[in-house]
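Visitor: Please find protein39.txt (compact mmCIF, C-alpha atoms and all ligand atoms) on the next line:
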# COMPACT_ATOMS: atom_id res chain seq x y z
CA MET K 1 -21.13 9.80 24.81
CA GLY K 2 -19.39 10.14 21.51
CA GLU K 3 -20.39 9.73 17.94
CA PHE K 4 -18.76 7.97 15.02
CA VAL K 5 -18.80 10.09 11.87
CA ARG K 6 -18.00 7.91 8.86
CA ASP K 7 -17.63 10.92 6.59
CA ARG K 8 -14.63 12.02 8.61
CA LEU K 9 -12.60 8.88 7.90
CA PRO K 10 -9.56 9.73 5.78
CA ASP K 11 -9.82 8.91 2.10
CA PRO K 12 -8.31 5.48 1.35
CA VAL K 13 -5.37 6.64 -0.78
CA GLY K 14 -4.39 9.34 1.70
CA TYR K 15 -4.71 6.95 4.63
CA PHE K 16 -2.62 4.13 3.21
CA GLU K 17 0.13 6.41 1.93
CA ALA K 18 0.27 8.34 5.22
CA TYR K 19 0.60 5.06 7.13
CA GLY K 20 3.43 3.65 5.03
CA VAL K 21 1.58 1.74 2.31
CA PRO K 22 2.40 3.34 -1.05
CA LEU K 23 -0.19 2.26 -3.61
CA VAL K 24 0.65 1.62 -7.24
CA GLY K 25 -1.13 0.49 -10.37
CA PRO K 26 -3.82 1.71 -12.74
CA GLY K 27 -7.54 1.67 -12.05
CA LYS K 28 -9.64 1.62 -8.92
CA TRP K 29 -7.79 -1.31 -7.33
CA LYS K 30 -4.23 -0.47 -6.29
CA THR K 31 -1.45 -2.69 -5.02
CA GLY K 32 0.83 -2.14 -2.06
CA PRO K 33 2.92 -3.91 0.57
CA CYS K 34 1.04 -5.84 3.26
CA GLN K 35 1.86 -4.70 6.79
CA PHE K 36 0.18 -7.72 8.36
CA HIS K 37 2.71 -10.28 7.16
CA GLY K 38 5.36 -7.94 5.75
CA GLY K 39 4.88 -8.97 2.12
CA GLY K 40 6.00 -6.92 -0.83
CA ASP K 41 3.08 -6.43 -3.20
CA SER K 42 0.18 -8.59 -2.11
CA LEU K 43 -2.19 -6.01 -0.65
CA ARG K 44 -5.09 -4.95 -2.89
CA VAL K 45 -6.91 -1.74 -2.00
CA ASN K 46 -10.16 -0.46 -3.46
CA THR K 47 -9.42 3.27 -3.61
CA ALA K 48 -13.14 4.10 -3.76
CA SER K 49 -14.49 2.09 -0.82
CA GLY K 50 -11.28 1.57 1.17
CA GLY K 51 -11.86 -2.19 1.06
CA TRP K 52 -8.62 -4.15 1.23
CA ILE K 53 -7.35 -7.71 1.12
CA CYS K 54 -3.94 -9.38 1.18
CA MET K 55 -3.62 -12.10 -1.44
CA ALA K 56 -0.82 -13.76 0.55
CA CYS K 57 -1.94 -13.85 4.20
CA GLY K 58 -5.67 -13.30 3.71
CA ALA K 59 -6.02 -10.28 6.01
CA LYS K 60 -8.97 -8.20 4.84
CA GLY K 61 -11.52 -5.55 5.72
CA GLY K 62 -14.06 -3.22 4.20
CA ASP K 63 -12.59 0.17 5.02
CA VAL K 64 -9.64 2.06 6.47
CA LEU K 65 -11.17 1.79 9.93
CA ALA K 66 -11.08 -2.00 9.77
CA TYR K 67 -7.45 -1.78 8.63
CA HIS K 68 -6.50 0.53 11.48
CA MET K 69 -8.24 -1.63 14.08
CA GLN K 70 -6.66 -4.86 12.91
CA LEU K 71 -3.14 -3.55 12.33
CA HIS K 72 -2.88 -1.71 15.63
CA ASP K 73 -5.12 -4.04 17.64
CA LEU K 74 -7.48 -1.21 18.58
CA ASP K 75 -11.13 -1.34 19.44
CA PHE K 76 -13.65 0.47 17.29
CA VAL K 77 -13.81 3.73 19.24
CA ALA K 78 -10.03 3.97 19.75
CA ALA K 79 -9.37 3.43 16.04
CA ALA K 80 -12.10 5.87 14.96
CA ARG K 81 -10.73 8.44 17.40
CA GLU K 82 -7.18 8.08 16.08
CA LEU K 83 -8.45 8.61 12.56
CA GLY K 84 -10.37 11.73 13.55
CA ALA K 85 -13.72 10.12 12.86
CA TYR K 86 -15.01 10.01 16.43
CA VAL K 87 -16.53 13.14 17.93
CA ASP K 88 -16.60 12.95 21.71
CA ASP K 89 -19.26 15.60 22.19
CA GLY K 90 -21.49 14.25 19.45
CA ARG K 91 -25.17 14.83 19.98
CA ASN K 92 -27.26 12.45 17.93
CA TYR K 93 -25.80 9.19 16.80
CA THR K 94 -26.23 8.80 13.05
CA GLY K 95 -23.27 6.79 11.83
CA GLN K 96 -22.92 3.10 11.26
CA ALA K 97 -20.98 2.17 14.38
CA LYS K 98 -18.85 -0.63 13.09
CA PRO K 99 -16.18 -1.12 10.46
CA THR K 100 -17.52 -2.69 7.31
CA THR K 101 -16.46 -6.12 6.17
CA LEU K 102 -15.09 -6.62 2.69
CA ALA K 103 -18.07 -6.45 0.37
CA ALA K 104 -18.78 -9.51 -1.75
CA ARG K 105 -18.63 -7.22 -4.77
CA ASP K 106 -15.09 -6.17 -3.82
CA ALA K 107 -14.10 -9.78 -3.29
CA MET K 108 -15.36 -10.60 -6.79
CA ALA K 109 -13.29 -7.75 -8.23
CA VAL K 110 -10.20 -9.16 -6.53
CA ILE K 111 -10.97 -12.62 -7.91
CA ALA K 112 -11.36 -11.19 -11.42
CA ARG K 113 -7.98 -9.53 -11.14
CA GLU K 114 -6.29 -12.64 -9.78
CA LEU K 115 -7.80 -14.67 -12.62
CA LEU K 116 -6.17 -12.32 -15.12
CA ILE K 117 -2.79 -13.13 -13.63
CA LEU K 118 -3.53 -16.84 -13.87
CA PHE K 119 -4.55 -16.47 -17.51
CA VAL K 120 -1.26 -14.76 -18.28
CA VAL K 121 0.69 -17.69 -16.82
CA ILE K 122 -1.43 -20.20 -18.76
CA ALA K 123 -1.18 -18.21 -21.99
CA ASP K 124 2.60 -18.12 -21.63
CA ALA K 125 2.65 -21.88 -21.07
CA ARG K 126 0.56 -22.45 -24.21
CA ALA K 127 2.99 -20.29 -26.14
CA GLY K 128 5.78 -22.59 -25.05
CA ARG K 129 7.23 -20.40 -22.33
CA VAL K 130 7.77 -22.48 -19.22
CA PRO K 131 6.64 -20.51 -16.14
CA SER K 132 9.43 -19.54 -13.78
CA ASP K 133 9.34 -20.93 -10.24
CA ALA K 134 8.16 -17.51 -9.04
CA ASP K 135 5.36 -17.37 -11.62
CA TRP K 136 4.30 -20.89 -10.76
CA ALA K 137 4.23 -20.09 -7.03
CA ARG K 138 2.16 -16.99 -7.82
CA PHE K 139 -0.20 -19.15 -9.88
CA LEU K 140 -0.72 -21.63 -7.04
CA THR K 141 -1.20 -18.84 -4.49
CA GLY K 142 -3.75 -17.10 -6.70
CA ALA K 143 -5.68 -20.30 -7.34
CA GLY K 144 -5.75 -21.08 -3.62
CA ARG K 145 -6.93 -17.60 -2.70
CA ILE K 146 -9.71 -17.63 -5.27
CA GLU K 147 -10.93 -20.93 -3.90
CA ALA K 148 -10.77 -19.61 -0.31
CA LEU K 149 -12.68 -16.44 -1.19
CA ALA K 150 -15.29 -18.36 -3.14
CA ARG K 151 -15.85 -20.64 -0.15
CA GLU K 152 -16.10 -17.71 2.27
CA TYR K 153 -18.70 -15.85 0.27
CA ALA K 154 -20.74 -18.89 -0.74
CA ALA K 155 -24.30 -18.51 0.52
ZN ZN A 1 -0.48 -10.09 4.09
Represent the structure from my file as structure tokens, please.
Guide:
Amino acid sequence: MGEFVRDRLPDPVGYFEAYGVPLVGPGKWKTGPCQFHGGGDSLRVNTASGGWICMACGAKGGDVLAYHMQLHDLDFVAAARELGAYVDDGRNYTGQAKPTTLAARDAMAVIARELLILFVVIADARAGRVPSDADWARFLTGAGRIEALAREYAA
């Protein structure tokens, strides 16, 4: 009988960079390539909690364990073991034996950040700068994702 030890999960920045997801950007939320659909810069990672979400394909989870499980199609114990967070000779179970889902608070932070991007496009339009096709596509994607997240987390 083993034991999951959440404290032994790798820190989010170290995990993502070690597994081929370089994170860039200022602040707590970083941006990186999404390995689920192969996109360039759509993954948002909360470097404090490890929560993550792809603004393009919608893949998401609350910690690096959820990421590892989903990307490699592993069950909970196999993923925790690969990440060094599962002790096979554990005595008393104390951990929370499941990956966390993306917290509503994290989802709101992502929405706030996406809204900023939308405001930039709108502000440019007001200033007479016609959005490029790429900016417009980004705008539509962002608006769609915000709506989808809002629906998912509605009570
Ligand atoms: Zn994706």
Visitor: So that I can see what lies close to K:Ser42, please list as a VMD selection string the residues with an atom at most 8 Å from it, counting all atoms listed in the file and leaving out residues fewer than 5 positions away in the same chain.
Guide: chain K and resid 31 to 34 54 to 56
Visitor: Check which residues fall inside 10 Å of ligand ZN 1 (chain A) when counting only C-alpha atoms and all ligand atoms, and print them as a list in words.
Guide: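 Taking only C-alpha atoms and all ligand atoms into account, the residues around ligand ZN 1 (chain A) at most 10 Å away are Pro33, Cys34, Gln35, Phe36, His37, Gly38, Gly39, Gly40, Asp41, Ser42, Leu43, Arg44, Ile53, Cys54, Met55, Ala56, Cys57, Gly58, Ala59 and Lys60 of chain K.
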Visitor: Report as JSON the centre and the edge lengths, in Å to one decimal, of the axis-aligned box holding every listed atom of stretch 108-113 of chain K, padded by 3 Å on each side.
Guide:
{"center_x": -11.7, "center_y": -10.2, "center_z": -9.0, "size_x": 13.4, "size_y": 10.9, "size_z": 10.9}
Visitor: What is the distance between atom CA of K:Arg129 and atom CA of K:Ala109, in Å to one decimal?
Guide: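 Here the two named atoms are 27.9 Å from each other.
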Visitor: Between atom CA of K:Met108 and atom CA of K:Leu71, what is the distance, to one decimal in Å?
Guide: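 Taking atom CA of K:Met108 and atom CA of K:Leu71, their separation equals 23.8 Å.
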Visitor: Can you find the residues with an atom no farther than 8 Å from (-15.4, 9.4, 9.9), counting all atoms listed in the file, and report them as a short mmCIF file (atom, residue, chain, number, x, y, z; two decimals) with C-alpha atoms, keeping the file's coordinate frame?
Guide:
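What ended up in result27.cif:
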data_model
loop_
_atom_site.label_atom_id
_atom_site.label_comp_id
_atom_site.auth_asym_id
_atom_site.auth_seq_id
_atom_site.Cartn_x
_atom_site.Cartn_y
_atom_site.Cartn_z
CA PHE K 4 -18.76 7.97 15.02
CA VAL K 5 -18.80 10.09 11.87
CA ARG K 6 -18.00 7.91 8.86
CA ASP K 7 -17.63 10.92 6.59
CA ARG K 8 -14.63 12.02 8.61
CA LEU K 9 -12.60 8.88 7.90
CA PRO K 10 -9.56 9.73 5.78
CA ALA K 80 -12.10 5.87 14.96
CA LEU K 83 -8.45 8.61 12.56
CA GLY K 84 -10.37 11.73 13.55
CA ALA K 85 -13.72 10.12 12.86
CA TYR K 86 -15.01 10.01 16.43
#
Visitor: Atom CA of K:Tyr19 and atom CA of K:Val110, how far apart in Å?
Guide: 22.5 Å
Visitor: Would you kindly return, as a ChimeraX atom specification, each protein, DNA or RNA residue with an atom no farther than 6 Å from any atom of stretch 63-69 of chain K, considering only C-alpha atoms and excluding same-chain residues fewer than 3 positions away?
Guide: /K:50-51,72-74,79,99
Visitor: Take the residues from that selection and put them in a file with C-alpha atoms, as a PDB file, keeping the file's coordinate frame.
Guide:
ATOM      1  CA  GLY K  50     -11.280   1.570   1.170  1.00  0.00           C
ATOM      2  CA  GLY K  51     -11.860  -2.190   1.060  1.00  0.00           C
ATOM      3  CA  HIS K  72      -2.880  -1.710  15.630  1.00  0.00           C
ATOM      4  CA  ASP K  73      -5.120  -4.040  17.640  1.00  0.00           C
ATOM      5  CA  LEU K  74      -7.480  -1.210  18.580  1.00  0.00           C
ATOM      6  CA  ALA K  79      -9.370   3.430  16.040  1.00  0.00           C
ATOM      7  CA  PRO K  99     -16.180  -1.120  10.460  1.00  0.00           C
TER       8      PRO K  99
END
